[in-house]
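Remarks on the structure that follows.
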Amino acid sequence: MKTRLSFTLCIVFCLITHWSLLGQENCGPADNFQTLTGNAVEATLSASGSSFWDGDQAGFSVGITPEERITTILTQGLWIGGKDAGGNLKVAAARSGLRDGLTDFYPGPLNHGDPNYPGGGALADPVRGTTSPEACENWDKVWMVTKAEIEAAREDFSDNGVLDDDHPAVLSWPAKGNPFFGAYNGFELPPVEVVSDLAPFWDADGDSTYNPAAGDYPIVRTNMEQPDVMAWVVYNDSGGDHGESNSPTKLQFEFQQLIWLYRCSEVEWLSRTVFSRYQFINWAIERLDSVHVGLWTDFELGCPEDDYIGSAPELNTYYAYNANATDGDGSELCSTNTLPLVGVPPVQAVTFLDVDMSSFYYYEATDEDTPLGLREPATPQEHYNYMRGRFSDGSSMIAQGDGYEPLSPLPATDFAFSGRPQNTEEWSLYQTSGVEVERFGVGAVNLTDFLLPGGRMSIDVAFSFHHDPDSNHLQQVNLMYDNVEALHALYANDFYNYCEVTSTDELVEAEPVSMFPNPTAGQLALVAYAEDIEEIVIWAVNGQQMMRIEQVSNRNLTIDVSSLAAGLYFVQVKIGDVWQVQKMVKE
């Protein structure tokens, strides 16, 4: 009885200490902003949860001629929410609060807890899931590296197995165990014993740590064509108050964001696209249930009032286009004191690449006449409603008018304005003659039913710009549909020969290997029909080799993957002399 009581008191003490430490964090918002360049896009980045926004100016612009750039996104914000075991809602959301110094996200990773901490290991360590002002200040940074810098380091290493020259971008990369990190960044990485993976890398020597002197280098993921530019940031929601969502409770999540782009004049839409991977890691001491993620977008195609929004559920895409053939309807100045676009207005799209978009909802710039459900979210529950496919008041959408009719008997829909604007038989803002008011879209994903402590998941997203000066404002939407279809195919093909692809017909996919069940919790069966499977390698998304099976020589094989953590993996299968890759989701 005394032992049980002592153990209970220990747990209570640890929880009190844990939450006490959590309340002492007073990090400031991110204020280190850098611009990603390398193709036609210029994108402002920071460790803030708000992409393309520095708190003052729009940060996503695209060059359509050497002399002219078009801004299409004012800001892009990450939203995430879920419930703890007691049903308490936890939310973190980014919008445009940096303008007023408000944020839910703070720079840097979180303490993961000492696995050898007395009385329960990492979960008993009171610093788990916390950070400090010093750590936030150190990690308020954007790391960037180019393909040319990576190739220079690889070439330097390949001639004699030694890096003879200085390669700052490669040597300073914030990957796990980097021995050069402190010298280049002015502070040290957490010890490898108490840190999860950070920025992704190719692990040449298979030791699970990053060492450029051993041939390691930054990557997006195994087998993906090296992009022309990569950037990486890390942030959390534990560093201070949640000033945007007004959530009183923190998720204690770490967010790692990798951004990359390709340069290719032959494939215009690819050179006008930026890619981003959002990785979510739960460093709380309890699981989070019913986890939903939203990408909030403030589109700004010149004058925002005549921007219309739509969705293409079959492409896992939402987008903005112009209501009129002329931006601002011929006025010399928008009501927001911004200049209208000159020429044919473009289309800006946001596409989920490796997960299904579960809903696309929106709300309007709020005034006294705005209907209740279309108002700006102000509470954690209202933010969460948008993420789970509801208006702010909890009502569902119908495919008619503006979609907001709470008492309508019509069936609900999850996707706002899902028809093509040119089609008079489909539901779009253009066909319903939507009023000119600024709208904000939330594309959402049902991320997972639950995420355990230490669990991680990720999503890949593309921000793509579509413009043909010889087409009208509605034909730009049809162009977007064609380009995004090709974008999905190129992504599925790991961007192989990305600068030689001009249509989906030119994408040749390898003959698949049957792999089931997928997702799987334990056993994974592989069946090859043409030749024997010779070898299997399973890779994590950061390039770490997790499992290798050699000398198989069989067309049927079942392997046990139960020891792998939940998440996305790449299964590389050698059949004859040919390697093929498929995605696997471990539950």
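Residue numbering restarts at 1 for every chain of the structure tokens, chains are lettered A, B, ... in their displayed order, and ligands are numbered from 1 as they appear.
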
Exercise. Which neighbours of Leu163 in chain A fall inside 9 Å, counting only C-alpha atoms, when residues of the same chain fewer than 6 positions from it are skipped, and could you give them as a PyMOL selection string?
Worked result: chain A and resi 153-154+156-157+212-215

Within 9 Å of Gly129 in chain A, counting only C-alpha atoms, which residues qualify if same-chain residues fewer than 2 places away don't, as a PDB file with C-alpha atoms, in the first residue's frame?
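Contents of around.pdb, as written:
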ATOM      1  CA  HIS A  18       5.805  19.591 -15.419  1.00  0.00           C
ATOM      2  CA  LEU A  22       5.425  24.802 -18.800  1.00  0.00           C
ATOM      3  CA  LEU A 110      11.065  20.906 -27.457  1.00  0.00           C
ATOM      4  CA  ASN A 111      12.810  19.004 -24.703  1.00  0.00           C
ATOM      5  CA  HIS A 112      12.126  15.330 -25.282  1.00  0.00           C
ATOM      6  CA  GLY A 113      12.875  14.119 -21.792  1.00  0.00           C
ATOM      7  CA  PRO A 126       9.415  17.310 -15.903  1.00  0.00           C
ATOM      8  CA  VAL A 127      11.228  19.150 -18.709  1.00  0.00           C
ATOM      9  CA  THR A 131      11.453  24.959 -23.944  1.00  0.00           C
ATOM     10  CA  SER A 238       4.898  25.505 -25.780  1.00  0.00           C
ATOM     11  CA  LEU A 251      -0.495  20.710 -27.241  1.00  0.00           C
ATOM     12  CA  GLN A 252       3.254  20.474 -26.469  1.00  0.00           C
ATOM     13  CA  PHE A 253       3.889  19.635 -30.108  1.00  0.00           C
ATOM     14  CA  GLU A 254       7.039  20.234 -32.119  1.00  0.00           C
ATOM     15  CA  ASN A 282       3.832  14.900 -29.850  1.00  0.00           C
ATOM     16  CA  TRP A 283       6.147  15.610 -26.899  1.00  0.00           C
ATOM     17  CA  ALA A 284       3.351  15.727 -24.326  1.00  0.00           C
ATOM     18  CA  ILE A 285       3.110  12.971 -21.713  1.00  0.00           C
TER      19      ILE A 285
END

For this session: Pick out each residue of range 104-285 of chain A that DSSP on the backbone tags as strand (DSSP E or B); I need them as an NGL selection string.
Result: :A and (106-107 or 143-146 or 201-202 or 217-218 or 229-236 or 253-261 or 273-282)

Exercise. Skipping near chain neighbours, those fewer than 5 positions away, what residues fall within 7 Å of Phe201 in chain A using only C-alpha atoms, listed as JSON, numbers by chain?
Worked result: {"A": [210, 216, 217, 218, 219, 542, 543]}

Problem set entry | Non-local contacts of Leu410 in chain A (12 Å; only C-alpha atoms; under 2 positions in same chain excluded) as a ChimeraX atom specification | /A:396-400,403-408,412-413

Problem set entry | Separation of CA of Asn322 in chain A from CA of Gly394 in chain A, in Å and rounded to one decimal | 29.0 Å

Please build the interface table for range 70-156 of chain A against range 255-270 of chain A with a cut-off of 12 Å, listing for each qualifying residue the nearest atom pair and the distance in Å to one decimal; count only C-alpha atoms, order rows by chain and increasing number, and write it as JSON lines.
{"residue": "A:Leu78", "atom": "CA", "partner": "A:Phe255", "partner_atom": "CA", "distance": 9.8}
{"residue": "A:Trp79", "atom": "CA", "partner": "A:Phe255", "partner_atom": "CA", "distance": 11.2}
{"residue": "A:Ile80", "atom": "CA", "partner": "A:Phe255", "partner_atom": "CA", "distance": 10.5}
{"residue": "A:Ala92", "atom": "CA", "partner": "A:Phe255", "partner_atom": "CA", "distance": 11.2}
{"residue": "A:Asp104", "atom": "CA", "partner": "A:Phe255", "partner_atom": "CA", "distance": 11.9}
{"residue": "A:Phe105", "atom": "CA", "partner": "A:Phe255", "partner_atom": "CA", "distance": 9.1}
{"residue": "A:Tyr106", "atom": "CA", "partner": "A:Phe255", "partner_atom": "CA", "distance": 9.8}
{"residue": "A:Pro107", "atom": "CA", "partner": "A:Phe255", "partner_atom": "CA", "distance": 9.4}
{"residue": "A:Gly108", "atom": "CA", "partner": "A:Phe255", "partner_atom": "CA", "distance": 8.7}
{"residue": "A:Pro109", "atom": "CA", "partner": "A:Phe255", "partner_atom": "CA", "distance": 7.6}
{"residue": "A:Leu110", "atom": "CA", "partner": "A:Phe255", "partner_atom": "CA", "distance": 9.4}
{"residue": "A:Trp139", "atom": "CA", "partner": "A:Gln256", "partner_atom": "CA", "distance": 11.8}
{"residue": "A:Val142", "atom": "CA", "partner": "A:Leu258", "partner_atom": "CA", "distance": 10.0}
{"residue": "A:Trp143", "atom": "CA", "partner": "A:Leu258", "partner_atom": "CA", "distance": 9.6}
{"residue": "A:Met144", "atom": "CA", "partner": "A:Ile259", "partner_atom": "CA", "distance": 9.2}
{"residue": "A:Val145", "atom": "CA", "partner": "A:Trp260", "partner_atom": "CA", "distance": 9.6}
{"residue": "A:Thr146", "atom": "CA", "partner": "A:Trp260", "partner_atom": "CA", "distance": 9.5}
{"residue": "A:Lys147", "atom": "CA", "partner": "A:Tyr262", "partner_atom": "CA", "distance": 9.6}
